[in-house]
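Asks: Please find one structure pasted underneath; my questions will follow.
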Amino acid sequence: MKRIQRGRGLTLAASVAGLGLVLTACSGGDGGNASGGGGGDAEPTFDCADYEQYGDLEGTTVTVYTSIVDPEAEEQRASYAPFEECTGATIEYEGSREFEAQLPVRLEAGNAPDIAYIPQPGFLRSLVEDFPDAVQPAGEAVVENANEFYTEQWVEYGTVDGTLYATPLGANVKSFVWYSPSAFEENGYEIPTTWQELLDLTDQMVEDNPDVKPWCAGIESGDATGWPATDWLEDVVLRTAGPDVYDQWVNHEIPFDDPQIVAALEEVGGILKNEDYVNGGLGDVASIASAPWNESGNGIPDGTCHLHRAANFYQANWDEGLEVAEDGDVYAFYLPGASEDDKPLLGGGEFVTAFSDREEVQAFHAYLSSPQWANAKAEVTGQGWISANNGLDRDLLQSSIDQLSFDLLTDESYTFRFDGSDQMPGAVGTGSFWREMVSWISPGQDSETTLSNIEASWPSS
Amino acid sequence: MTAIPPTTLTDPTEVDTRKVRGLTRAEQRAIAAKGRLSSPWASGIAIVLAILWTVPTFGLLVTSVRPRSEIRSSGWWTFLQNPALTFENYSEVLFGSSTSFATFFVNSVVITLPAVVIPISLALLAAYAFAWIPFRGRELLFVAVFALQVVPIQVTLLPLLRQYVSWGLEGSFWVVWLSHSIFALPLAIYLLHNFMKDIPASLVEAARVDGAGHVTVFFRVLLPLLTPAIASFGIFQFLWVWNDLLVALVFVGGTTDVAPLTVRIAELAGTRGSQWHLLSAGAFVAMVVPLVVFLALQRYFVRGLLAGSVKG
Amino acid sequence: MDWLLQPDTTAEKLTLMVIAILLFVVVMGAILLGIDRLKRAPTWVVVLGFLGPTLLFLAFGLLYPGLRTVWNSFRDGRGRTFVGADNYVTAFTDDRFQTVLRNTALWVVLVPLLATLFGLVYAVLVDRTRFEYLAKTLIFLPMSISLVGASIIWKFVYEYKPVQGNIQQTGLLNQVLVWLGMQPQQFLQDQPWNNLFLIAVMVWIQAGFAMTVLSAAVKAIPDDIVEAARLDGLHGLGMFRYITVPSIRPALVVVVTTIAMATLKVFDIVRTMTGGNFDTSVVAYEFYVQSFTARQQGLGAALAVILFVLVIPIIAYNVRQLKLAEEIR
């Protein structure tokens, strides 16, 4: 009993501290980090009548293990408050940057958390294969929620061999190009609506001012260095080869170094390996490999580059005081397709998996897959969070780029595809793909060698 | 092997008072006699080394009080020209979590002390056995223990965690203490054995002839001589445990009840590693205690790892 | 008695800590007291008393996992089927692993030598000077920073900004180059020098360890030896070369060995600074990646075993030293 009471106290302390954080953030006028950004309410509004379906869970505890750490973890904890308060359950949250390395260790040791947020469908698949007894198929209520509030495609990402194991939690949109609306206005640049227009605009920029490189990019990210480059390739494969080829490529039905993929990588190289186009404010082509991805867009407000391809979550990285809005200091446009009607959309997200079928765990899983939670989360999040849940109230999203992301996600004219590297086996998706893209950029390894090296590393089983 | 004059078998406090009183005649003579590299070249090299070793840390210290936008746009050495000062990084480190900073701090202390005391005590006993108790297979066993140093901690995590889970002890201080003790033992035994065997055999033998058992010899003769060595290894072990992230992460996880400071500091980088500027402040907060410990214990080994000059 | 496992308050935690230490002292005390009481205890009982708990710990926590790793190194990625020496073949033939092995050799040679050299020179230079305390503290400083913290510090030092418009250098080393009128360099990227810049970080950290131990050894050099050498006309470098270094030989062996062992195992520096890219990976990091990120446990285990094999020369050298010391005694 004692542990439970302590847990309750902790949660209360967490929400109080969360409140305090927002208050100091506002009064201090920093507004820079994701938690304080939009000045969202620390407590979501709710009515316990809506939570009766989850039953009385007084005295139970659910442990959650994720890769999300502070300050975002604070928002996660705050979003569980209604569930905890109305059902009486306690959620013990633990976030770690070593999550992906540690989760398999815990599972193997028999020390599984009740619930984990898996950032990649490929990782989920390997967990189900390696630990078939640990990963629990989703319960009835969860399956219902998944089918009701998510498109078939999103449900599919959490499904392994026909069984639903995981439901989507957060989502992100990667097909964005960040730019400075004021710089565009000054120079009379128009937002491109096709890939060719984007290339023309780039040439135009070089012509107008050879000192300012049009693009800036950085793919350094500690031991995950290289991932932003994989997103580049995926986005371009979707545009030059199309979503069907993309699916075959991701599922390894065609070789990784298929000629169409080589062509796509050459297209990427047309921008990233072109000394005239890169790397504004950061150096030469090779500097892309060592520029920290989260600082590589700073050339836009600094005036040393114009374009930076990055996901909606890049907004958390802009300096304090920059306004992220269509008429503000920085904003993003959709990375255009081959034609105006061709609108592929690359995105990602994380997935909730349960490792226990206890009543309270299943109830919490159901809560996390419901619009109730999505809206509670939106309420406590300042900026930088969206979900593919169709019950999410768009008005609760507090940043315009989040709203735009949500619009694109729910707009049926866009063809959504999930981040390919996240779906590939770990040895490729979080290994050779990253590594070889770094070699492709830095010592200038050619496209074919790069892709065939990755092909060679694809696990045989 | 000269016999040791009793006065040089001093305890550390006496060493210290002597230091305060000023140098004894013998020491002054020693300084005069040592004929050190006391040329301008020597001083120059020492100063260059000191600067090389200090400047990066100093840069980090300056960085830790600069705002994020300044950090990325200009070097810390421009700080004096443009002194934009902020303690926001520190306030985020100290107060930015839902759990009070003091909790992590207390956890670190609670984890570290037993994880220093236990392995050193065990290692001292083991080193004594390897150095002074003749038994069959002694050398082989010593080499085996020494070689265990190379087993990477990572390969032990899974088997250990599985065992702890089956004992129902995972996530408690007990397993962290146990794990740290295990990991420290090979190196501790190796280092302490080296100091231990430098002690003149005549001393040990004299005590043995007087009828003292091994336990008595260990406590009465060896321990007092080894105080400085124990203090210095104590510092290293303290640093390793204090700065450890891996063991804490695996065996206690990030649950705030038991997680040490390093877990909190590691989190500062943010989910996507975008908050590196906070780490500069975090690194300094974490450094304070080890530095205090070093300064407090420095006097113990300033005169040598064995109390008194026992060689010769 | 819940709090013995899950203490809540600071008081409970501190009490638990004291209890743990006391418990340890009481148990060990009882064992030793028991041995002491048995006046005619056979040697093996005494040895067991002194060594028993340690060996138990080591067998459980290091030996068994180590042997399991050897076993796993002959099995596939998930440890299910026997694959013979496949993992070793991969580790020795793959181009990438060749680079990794070469880098590791570079690390394990350079780090102990340089760290010991700097530590020793510094220890001798500041020995018994007025600023000894302060001077030693400065070199010791990096020891008190975690490896990740140190890596971050040096990442700042190596930072690169291009020559473009008003952009200023933010990395000290590049700023120095610019002040000297040279082009800024991408230190962590330019092969093969980038390995040396990573190695510098480890040298920077370990020199404090070398300095501390060697300084103590230098102080233990008997005065009469020094004085005799002086009378023979040895000064400065001659004294260093012919008296200081030979006198502290055992300590030098210990320091080099310890640093070499630590160097073989270190992976945080590579991980934080380059993520193993630009041909900078080392065996310890690759082992971590294969075991935990790529989930190729067999290959990871094989790399760990290779790490072990790399240490054999160091062990052999130490055994020789041990034998020599025994003979002298």
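Scheme for the structure tokens: letters A, B, ... for chains in order shown; per-chain residue numbers from 1; ligand numbers from 1 in order shown.
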Kindly provide, as a PyMOL selection string, the residues of chain A having any atom no farther than 8 Å from an atom of chain B, counting only C-alpha atoms.
Replies: chain A and resi 13-15+17-18+21+67-72+74+93-97+102+105-106+108-111+221+294+317+319-320
Asks: At most 7 Å is the cut-off: for each residue in chain C with any atom that close to an atom of chain B, write down the nearest atom pair and the distance in Å rounded to one decimal, counting only C-alpha atoms, chain first then increasing number, as CSV.
Replies:
```
residue,atom,partner,partner_atom,distance
C:Leu5,CA,B:Ser172,CA,5.7
C:Gln6,CA,B:Ser172,CA,6.3
C:Asp8,CA,B:Asp257,CA,6.7
C:Thr10,CA,B:Val106,CA,6.8
C:Lys13,CA,B:Val110,CA,6.7
C:Leu14,CA,B:Val110,CA,6.3
C:Met17,CA,B:Val110,CA,5.8
C:Ile21,CA,B:Pro114,CA,5.9
C:Leu32,CA,B:Val215,CA,6.5
C:Asp36,CA,B:Val215,CA,6.0
C:Val47,CA,B:Ala129,CA,6.3
C:Phe50,CA,B:Leu125,CA,5.1
C:Leu51,CA,B:Ala126,CA,4.9
C:Thr54,CA,B:Leu122,CA,6.2
C:Phe57,CA,B:Ile182,CA,5.8
C:Leu58,CA,B:Ile182,CA,6.0
C:Gly61,CA,B:Ile182,CA,6.1
C:Leu62,CA,B:Thr156,CA,6.4
C:Pro65,CA,B:Thr156,CA,5.0
C:Gly66,CA,B:Val151,CA,6.2
C:Thr69,CA,B:Val155,CA,6.7
C:Tyr122,CA,B:Ala46,CA,6.0
C:Leu125,CA,B:Ala46,CA,6.3
C:Ala135,CA,B:Ala50,CA,6.9
C:Leu138,CA,B:Thr54,CA,6.1
C:Ile139,CA,B:Trp53,CA,5.9
C:Ser144,CA,B:Pro290,CA,5.6
C:Ile145,CA,B:Met287,CA,6.0
C:Ser146,CA,B:Asn243,CA,5.1
C:Gly149,CA,B:Ala283,CA,5.8
C:Ile153,CA,B:Leu60,CA,6.1
C:Trp154,CA,B:Pro56,CA,6.9
C:Val157,CA,B:Pro56,CA,6.7
C:Gln168,CA,B:Ser74,CA,5.7
C:Gln169,CA,B:Gly75,CA,6.2
C:Thr170,CA,B:Gly75,CA,3.9
C:Gly171,CA,B:Gly75,CA,6.4
C:Trp204,CA,B:Trp53,CA,6.7
C:Ala216,CA,B:Gly304,CA,3.9
C:Ala217,CA,B:Gly304,CA,6.0
C:Lys219,CA,B:Gly304,CA,5.6
C:Ala220,CA,B:Ser309,CA,5.4
C:Pro222,CA,B:Gly312,CA,6.4
C:Asp223,CA,B:Ala30,CA,5.8
C:Val226,CA,B:Lys34,CA,5.7
C:Glu227,CA,B:Ala33,CA,5.4
C:Arg230,CA,B:Ala33,CA,6.8
C:His235,CA,B:Gly35,CA,5.6
C:Gly236,CA,B:Leu37,CA,4.4
C:Leu237,CA,B:Leu37,CA,6.7
C:Met261,CA,B:Val150,CA,6.4
C:Lys265,CA,B:Pro152,CA,6.3
C:Phe308,CA,B:Val150,CA,6.1
C:Ile315,CA,B:Ala147,CA,6.7
```
Asks: Could you give me, as CSV, a per-residue list for chain C showing, wherever an atom lies at most 9 Å from an atom of chain A, the closest pair of atoms and their distance in Å to one decimal, using only C-alpha atoms and sorting by chain then residue number from low to high?
Replies:
```
residue,atom,partner,partner_atom,distance
C:Asp2,CA,A:Lys2,CA,8.2
C:Gln6,CA,A:Arg3,CA,8.2
C:Asp8,CA,A:Arg6,CA,7.8
C:Arg78,CA,A:Asp130,CA,7.7
C:Tyr160,CA,A:Leu282,CA,8.0
C:Lys161,CA,A:Leu282,CA,5.7
C:Pro162,CA,A:Gly283,CA,4.5
C:Val163,CA,A:Gly283,CA,7.4
C:Gln164,CA,A:Gly281,CA,6.5
C:Gly165,CA,A:Asp211,CA,7.8
C:Ile167,CA,A:Gly281,CA,7.1
C:Gln186,CA,A:Ser287,CA,7.5
C:Leu188,CA,A:Ser290,CA,7.8
C:Gln189,CA,A:Ser290,CA,7.3
C:Asp190,CA,A:Pro443,CA,8.8
C:Val270,CA,A:Asp223,CA,8.6
C:Arg271,CA,A:Asp223,CA,5.5
C:Thr272,CA,A:Gly222,CA,5.3
C:Met273,CA,A:Gly222,CA,6.5
C:Thr274,CA,A:Gly222,CA,6.4
C:Gly275,CA,A:Asp223,CA,3.9
C:Gly276,CA,A:Asp223,CA,7.2
C:Asn277,CA,A:Arg435,CA,6.7
C:Phe278,CA,A:Ser439,CA,7.1
C:Val289,CA,A:Gly431,CA,8.3
C:Gln290,CA,A:Ala427,CA,8.2
C:Ser291,CA,A:Ala101,CA,8.6
C:Phe292,CA,A:Ala101,CA,4.9
C:Thr293,CA,A:Ala101,CA,5.8
C:Ala294,CA,A:Ala427,CA,4.4
C:Arg295,CA,A:Ala427,CA,7.2
C:Gln296,CA,A:Ala427,CA,7.8
```
Asks: Can you tell me how far atom CA of C:Ala325 sits from atom CA of C:Pro250, in Å to one decimal?
Replies: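 Those two atoms sit 9.1 Å apart.
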Asks: Mind listing the helix (DSSP H, G or I) residues of stretch 33-211 of chain B, per DSSP on the backbone, as a PyMOL selection string?
Replies: chain B and resi 33-34+40-64+68-73+76-78+88-95+101-132+138-150+153-167+173-196+201-209
Asks: Name the residues of stretch 31-105 of chain A that come out as strand (DSSP E or B) in a backbone DSSP run; write them as a PyMOL selection string.
Replies: chain A and resi 61-66+90-95
Asks: May I have the selected residues written with C-alpha atoms, as a short mmCIF file (atom, residue, chain, number, x, y, z; two decimals), in the first residue's frame?
Replies:
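Below is the file part.cif, written as the result:
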```cif
data_model
loop_
_atom_site.label_atom_id
_atom_site.label_comp_id
_atom_site.auth_asym_id
_atom_site.auth_seq_id
_atom_site.Cartn_x
_atom_site.Cartn_y
_atom_site.Cartn_z
CA THR A 61 -0.05 1.04 -10.74
CA VAL A 62 0.97 1.09 -14.38
CA THR A 63 4.63 1.56 -15.28
CA VAL A 64 5.48 3.36 -18.49
CA TYR A 65 8.91 3.26 -20.12
CA THR A 66 9.73 5.55 -23.02
CA THR A 90 -1.10 5.54 -10.63
CA ILE A 91 1.10 5.93 -13.67
CA GLU A 92 4.80 5.57 -12.97
CA TYR A 93 6.60 7.21 -15.83
CA GLU A 94 10.21 6.61 -16.76
CA GLY A 95 11.93 8.21 -19.73
#
```
